[in-house]
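File shown here: input.txt, holding compact mmCIF, C-alpha atoms.
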# COMPACT_ATOMS: atom_id res chain seq x y z
CA MET A 237 46.55 -113.68 21.16
CA GLU A 238 43.57 -115.45 22.73
CA ILE A 239 40.09 -113.93 22.58
CA THR A 240 37.39 -115.29 24.87
CA VAL A 241 33.84 -114.04 24.33
CA SER A 242 31.13 -114.15 26.97
CA ASN A 243 27.77 -112.44 27.43
CA GLN A 244 26.20 -110.73 30.40
CA ASN A 245 22.64 -109.84 29.47
CA ASP A 246 23.07 -107.57 26.45
CA VAL A 247 26.76 -106.84 27.08
CA THR A 248 29.38 -108.79 25.12
CA VAL A 249 32.67 -109.16 26.96
CA LEU A 250 35.85 -109.92 25.01
CA ALA A 251 38.69 -111.03 27.25
CA LEU A 252 41.98 -110.45 25.45
CA GLN A 253 45.02 -112.44 26.43
CA GLY A 254 48.57 -112.05 25.19
CA ARG A 255 49.98 -109.64 22.64
CA LEU A 256 47.94 -107.49 20.27
CA ASP A 257 50.58 -106.80 17.62
CA GLY A 258 50.36 -106.16 13.90
CA LEU A 259 50.12 -109.87 13.19
CA ALA A 260 47.33 -110.52 15.71
CA SER A 261 45.23 -107.39 15.26
CA PRO A 262 43.31 -108.52 12.10
CA GLN A 263 41.97 -111.44 14.16
CA LEU A 264 40.45 -109.03 16.70
CA GLU A 265 39.13 -106.76 13.98
CA GLN A 266 37.32 -109.68 12.30
CA ARG A 267 35.92 -110.79 15.64
CA LEU A 268 34.61 -107.31 16.44
CA ASP A 269 33.11 -106.91 12.97
CA ALA A 270 31.37 -110.29 13.27
CA LEU A 271 29.92 -109.38 16.68
CA LEU A 272 28.70 -106.05 15.34
CA ALA A 273 27.13 -107.78 12.34
CA GLY A 274 25.48 -110.22 14.74
CA GLY A 275 23.80 -107.36 16.58
CA ALA A 276 26.17 -106.72 19.50
CA ARG A 277 26.02 -103.05 20.52
CA LYS A 278 27.52 -103.01 24.04
CA VAL A 279 31.04 -104.40 24.06
CA VAL A 280 33.56 -104.63 26.88
CA LEU A 281 37.20 -105.24 25.97
CA ASP A 282 38.72 -106.78 29.05
CA CYS A 283 42.47 -106.10 28.85
CA ALA A 284 43.49 -107.63 32.20
CA ALA A 285 45.66 -110.23 30.46
CA LEU A 286 46.69 -108.08 27.50
CA THR A 287 50.42 -107.57 27.91
CA TYR A 288 51.23 -105.58 24.77
CA VAL A 289 49.54 -103.38 22.20
CA SER A 290 51.05 -101.61 19.19
CA SER A 291 49.58 -98.95 16.90
CA ALA A 292 48.05 -101.76 14.81
CA GLY A 293 46.10 -102.87 17.88
CA LEU A 294 45.18 -99.29 18.73
CA ARG A 295 43.79 -98.91 15.20
CA VAL A 296 41.45 -101.86 15.81
CA PHE A 297 40.41 -100.51 19.23
CA LEU A 298 39.66 -97.08 17.79
CA GLY A 299 37.91 -98.49 14.72
CA GLY A 300 35.81 -100.80 16.87
CA ALA A 301 34.75 -97.97 19.19
CA LYS A 302 33.84 -95.78 16.21
CA LYS A 303 31.85 -98.51 14.44
CA LEU A 304 29.93 -99.30 17.62
CA LYS A 305 29.20 -95.63 18.18
CA SER A 306 27.87 -95.10 14.67
CA ALA A 307 25.67 -98.18 15.13
CA GLY A 308 24.22 -96.64 18.28
CA GLY A 309 26.31 -98.79 20.59
CA ARG A 310 29.28 -98.31 22.91
CA ALA A 311 32.63 -99.87 23.73
CA ALA A 312 34.21 -99.89 27.18
CA PHE A 313 37.78 -100.90 27.96
CA ALA A 314 38.74 -102.52 31.23
CA ALA A 315 41.69 -103.38 33.45
CA LEU A 316 44.63 -102.07 31.42
CA THR A 317 47.98 -103.53 32.41
CA PRO A 318 50.68 -100.89 33.10
CA ALA A 319 52.33 -101.32 29.69
CA VAL A 320 49.05 -101.04 27.81
CA HIS A 321 47.98 -98.10 29.98
CA GLU A 322 51.19 -96.28 29.06
CA VAL A 323 50.57 -96.80 25.34
CA PHE A 324 46.96 -95.56 25.73
CA GLU A 325 48.25 -92.51 27.60
CA LEU A 326 50.99 -91.68 25.08
CA SER A 327 48.45 -92.01 22.26
CA GLY A 328 45.77 -89.84 23.88
CA PHE A 329 43.42 -92.83 23.95
CA LEU A 330 42.57 -92.33 27.62
CA GLU A 331 40.77 -89.15 26.50
CA VAL A 332 38.69 -90.65 23.68
CA LEU A 333 37.96 -94.19 24.88
CA ALA A 334 35.98 -95.20 27.97
CA VAL A 335 38.50 -96.91 30.26
CA HIS A 336 37.45 -98.57 33.52
CA PRO A 337 39.49 -100.20 36.30
CA THR A 338 37.68 -103.55 36.12
CA ALA A 339 35.55 -105.56 33.70
CA THR A 340 32.72 -105.39 36.23
CA ALA A 341 32.85 -101.59 36.25
CA ALA A 342 33.06 -101.50 32.45
CA THR A 343 30.05 -103.81 32.15
CA ALA A 344 28.09 -101.74 34.66
CA SER A 345 28.87 -98.56 32.68
CA LEU A 346 27.09 -100.01 29.64
CA THR A 347 23.91 -101.06 31.41
CA MET B 215 78.98 -106.51 31.35
CA PRO B 216 80.83 -106.55 28.00
CA PRO B 217 79.17 -104.85 25.03
CA ALA B 218 77.29 -107.24 22.78
CA VAL B 219 76.07 -107.13 19.20
CA GLN B 220 73.56 -109.30 17.38
CA LEU B 221 72.58 -109.18 13.73
CA LEU B 222 69.23 -110.41 12.41
CA SER B 223 68.22 -110.83 8.79
CA LEU B 224 64.57 -109.97 8.29
CA THR B 225 62.21 -110.37 5.36
CA SER B 226 59.33 -108.10 4.35
CA SER B 227 56.54 -109.97 6.16
CA LEU B 228 54.51 -109.00 9.23
CA ALA B 229 55.27 -112.50 10.53
CA GLU B 230 58.65 -111.01 11.51
CA ILE B 231 57.02 -108.93 14.26
CA PRO B 232 56.84 -111.70 16.90
CA ARG B 233 60.25 -112.96 15.79
CA VAL B 234 61.78 -109.52 16.39
CA ALA B 235 60.02 -109.31 19.77
CA ASP B 236 61.46 -112.70 20.78
CA ALA B 237 64.96 -111.73 19.59
CA VAL B 238 64.80 -108.45 21.54
CA GLU B 239 63.70 -110.28 24.66
CA ALA B 240 66.50 -112.83 24.40
CA PHE B 241 69.12 -110.17 23.59
CA CYS B 242 68.09 -107.99 26.55
CA ALA B 243 67.72 -110.88 29.01
CA PRO B 244 71.21 -110.42 30.55
CA LEU B 245 70.12 -106.91 31.60
CA GLU B 246 67.20 -108.38 33.57
CA PRO B 247 65.01 -105.63 32.11
CA GLY B 248 61.75 -104.44 33.61
CA PRO B 249 58.65 -104.95 31.47
CA ARG B 250 58.44 -101.21 30.61
CA ASP B 251 61.87 -101.10 28.98
CA LEU B 252 61.43 -104.37 27.14
CA LEU B 253 57.94 -103.57 25.86
CA ALA B 254 59.01 -100.06 24.82
CA LEU B 255 61.81 -101.44 22.66
CA GLN B 256 59.64 -104.21 21.21
CA LEU B 257 56.91 -101.69 20.41
CA ALA B 258 59.27 -99.18 18.78
CA LEU B 259 60.77 -101.96 16.67
CA GLU B 260 57.35 -103.30 15.64
CA GLU B 261 56.38 -99.81 14.46
CA ALA B 262 59.66 -99.28 12.61
CA VAL B 263 59.67 -102.74 11.01
CA THR B 264 56.02 -102.34 9.97
CA ASN B 265 56.86 -98.99 8.37
CA ILE B 266 59.66 -100.54 6.36
CA ILE B 267 57.42 -103.38 5.15
CA THR B 268 54.33 -101.31 4.35
CA HIS B 269 55.76 -97.93 3.28
CA GLY B 270 59.27 -98.94 2.21
CA TYR B 271 58.46 -102.14 0.35
CA GLY B 272 54.78 -101.47 -0.35
CA ASP B 273 53.73 -104.73 1.35
CA GLN B 274 55.62 -106.73 -1.28
CA PRO B 275 57.07 -109.95 0.16
CA GLY B 276 60.59 -111.18 -0.51
CA HIS B 277 62.64 -108.10 0.39
CA ALA B 278 65.44 -108.54 2.90
CA PHE B 279 66.51 -105.99 5.48
CA ALA B 280 68.62 -106.03 8.61
CA LEU B 281 68.30 -105.38 12.31
CA GLU B 282 71.37 -104.91 14.45
CA LEU B 283 70.99 -104.94 18.22
CA ARG B 284 73.74 -103.54 20.43
CA ARG B 285 74.03 -103.17 24.16
CA GLU B 286 76.56 -101.18 26.10
CA ASP B 287 76.04 -101.14 29.84
CA ARG B 288 72.29 -100.57 30.07
CA ARG B 289 71.85 -98.74 26.77
CA VAL B 290 70.28 -100.79 24.03
CA THR B 291 70.54 -99.57 20.44
CA ALA B 292 68.70 -101.00 17.45
CA VAL B 293 69.73 -100.16 13.89
CA LEU B 294 67.40 -101.02 11.01
CA THR B 295 68.90 -100.91 7.51
CA ASP B 296 66.83 -101.40 4.36
CA ASP B 297 67.29 -100.79 0.63
CA ALA B 298 63.77 -99.46 -0.02
CA PRO B 299 63.36 -96.01 -1.65
CA ALA B 300 64.44 -93.13 0.59
CA TYR B 301 61.90 -92.68 3.37
CA ASP B 302 62.34 -90.84 6.65
CA PRO B 303 59.60 -92.09 9.00
CA LEU B 304 60.60 -89.53 11.64
CA ALA B 305 59.75 -86.67 9.27
CA ARG B 306 56.02 -87.43 9.53
CA ALA B 307 53.89 -84.60 10.87
CA GLU B 308 53.15 -84.81 14.59
CA VAL B 309 49.77 -86.36 15.35
CA ASP B 310 47.17 -84.48 17.38
CA ILE B 311 46.66 -86.89 20.27
CA HIS B 312 44.01 -84.63 21.80
CA ALA B 313 41.56 -84.67 18.88
CA PRO B 314 38.05 -85.96 19.67
CA LEU B 315 37.03 -89.54 18.79
CA ALA B 316 35.29 -88.70 15.51
CA GLU B 317 38.41 -86.95 14.20
CA ARG B 318 40.91 -89.43 15.51
CA GLY B 319 42.81 -91.55 13.07
CA VAL B 320 45.84 -93.63 13.78
CA GLY B 321 48.01 -92.46 10.90
CA GLY B 322 51.37 -91.43 12.30
CA LEU B 323 50.63 -92.91 15.70
CA GLY B 324 53.31 -95.58 15.34
CA VAL B 325 56.02 -93.01 14.70
CA HIS B 326 54.68 -90.88 17.54
CA LEU B 327 55.08 -93.87 19.88
CA VAL B 328 58.61 -94.54 18.62
CA LYS B 329 59.63 -90.95 19.43
CA LYS B 330 57.98 -91.06 22.86
CA LEU B 331 59.35 -94.45 23.86
CA MET B 332 62.94 -94.08 22.65
CA ASP B 333 65.55 -91.77 24.16
CA SER B 334 66.83 -91.13 20.68
CA ALA B 335 65.65 -91.86 17.16
CA ALA B 336 67.67 -90.86 14.12
CA TYR B 337 67.28 -91.43 10.40
CA GLU B 338 69.84 -91.14 7.67
CA ARG B 339 70.09 -92.13 4.03
CA ARG B 340 73.48 -93.78 3.66
CA ASP B 341 74.91 -95.51 0.58
CA GLY B 342 71.48 -95.93 -0.97
CA ARG B 343 69.97 -97.36 2.20
CA ASN B 344 67.61 -96.15 4.90
CA VAL B 345 69.26 -96.38 8.30
CA LEU B 346 67.09 -95.88 11.38
CA THR B 347 68.85 -95.88 14.76
CA LEU B 348 66.77 -96.21 17.93
CA SER B 349 68.16 -96.20 21.43
CA ARG B 350 66.89 -96.46 24.99
CA ALA B 351 68.74 -96.57 28.31
CA PHE B 352 67.22 -99.34 30.41
CA ALA B 353 66.42 -98.68 34.06
CA PRO B 354 68.60 -100.35 36.71
CA PRO B 355 67.52 -103.92 37.54
CA ALA B 356 65.02 -104.32 40.34
CA PRO B 357 66.83 -104.95 43.64
Can I see the file as structure tokens?
Amino acid sequence: MEITVSNQNDVTVLALQGRLDGLASPQLEQRLDALLAGGARKVVLDCAALTYVSSAGLRVFLGGAKKLKSAGGRAAFAALTPAVHEVFELSGFLEVLAVHPTATAATASLT
Amino acid sequence: MPPAVQLLSLTSSLAEIPRVADAVEAFCAPLEPGPRDLLALQLALEEAVTNIITHGYGDQPGHAFALELRREDRRVTAVLTDDAPAYDPLARAEVDIHAPLAERGVGGLGVHLVKKLMDSAAYERRDGRNVLTLSRAFAPPAP
């Protein structure tokens, strides 16, 4: 999986590309933890190029959203592909995570 | 299309996850599957394989287990056989997928996804081995 980080004012955008499986998910967790430690509080996870997520990836998404929330920040998810949307839906994640149709909308929701 | 069978020997390492995904993709290729069917099977197998490695073998490397893939018409069946202590992953309590964020964990979510994504999932303890059989009928190919 490829993770590309960019900043728009005080919003950190992580563009995820590829497959977030049990082998790749620790990489994202470490990245999110490092950003949080570095002071990031508004984080967009742009999933437009994320083709696959398993429960290991969901664990990192949920953990990241919770850690941000307890630090006074927020996470927003954007542009789920159909396969990832289905996994979010089956897991009830559409109800507990902020999901937006585009990265632009997700960024706007945090500002 | 004639029925086909493929056997894979796996070892107790999470590095097997992408290898299983690639094997599933290659095995299903003659069916020209849609992404939903393919990803569903890859996801169910990742969850099941991860369970065997973490719960069955306690994250200890060096254990061998087997995956058999079968296809008959458009039904794809995967059978995982391991010699870890008896463990029925399907017997886990149902997760509450409607709990609020603060109360949400992800324990049991993998098994929940397996049950949702497969048409059938069955466990049995046979000859001192755990045998998990997962099956999904793939949609007709896109015209």
Nearest candidate to chain B (options A:Arg277, A:Arg255, A:Arg295, A:Arg267; using all atoms listed in the file):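 Closest candidate: A:Arg295.
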Proximal residues of chain A relative to chain B (all atoms listed in the file; 9 Å) as a list in words: Asp257, Gly258, Leu259, Thr287, Tyr288, Val289, Ser290, Ser291, Ala292, Leu294, Arg295, Leu298, Gly299, Ala301, Lys302, Pro318, Ala319, Glu322, Val323, Leu326, Ser327, Gly328, Phe329, Glu331, Val332 and Leu333 of chain A
Residue nearest Pro303 in chain B - candidates B:Thr291, B:His277, B:Ser334, B:Ala262, atoms counted: all atoms listed in the file: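 Selected residue with least distance to Pro303 in chain B: B:Ala262.
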Residue among B:Val219, B:Ala280, B:Met332, B:Leu255 lying closest to Val238 in chain B, counting only C-alpha atoms: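 Of the candidates, the smallest distance to Val238 in chain B is held by B:Leu255.
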All residues 8 Å or closer to Ala284 in chain A, all atoms listed in the file, same chain fewer than 5 positions away omitted, as an MDAnalysis selection string: chainID A and resid 251:253 314:317
Separation of CA of Val335 in chain A from CA of Ala312 in chain A, in Å and rounded to one decimal: 6.1 Å
Contacts of Gln263 in chain A at 10 Å (only C-alpha atoms; same-chain gap of 5+ positions) as a VMD selection string: chain A and resid 237 to 239 256 258 268 296
Residues near Leu250 in chain A, cut-off 10 Å, all atoms listed in the file, skip fewer than 6 positions along chain, as a PyMOL selection string: chain A and resi 238-243+264+267-268+279-283+313+339
Minimum-distance residue to Ala276 in chain A, chosen among A:Gly300, A:Pro262, A:Gly309, A:Gly254 (using all atoms listed in the file):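 Comparing A:Gly300, A:Pro262, A:Gly309, A:Gly254 against Ala276 in chain A, the winner is A:Gly309.
Relative to CA of Leu283 in chain B, CA of Ile266 in chain B is found at 17.0 Å.
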Contact residues around Thr347 in chain A with all atoms listed in the file at 9 Å, ignoring same-chain residues under 5 positions, as a ChimeraX atom specification: /A:246-247,278
Proximity to Asp297 in chain B - best of B:Ala336, B:Ala278, B:Leu346, B:Leu222, all atoms listed in the file: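 Closest candidate: B:Ala278.
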Separation of CA of Pro217 in chain B from CA of Asp287 in chain B, in Å and rounded to one decimal: 6.8 Å
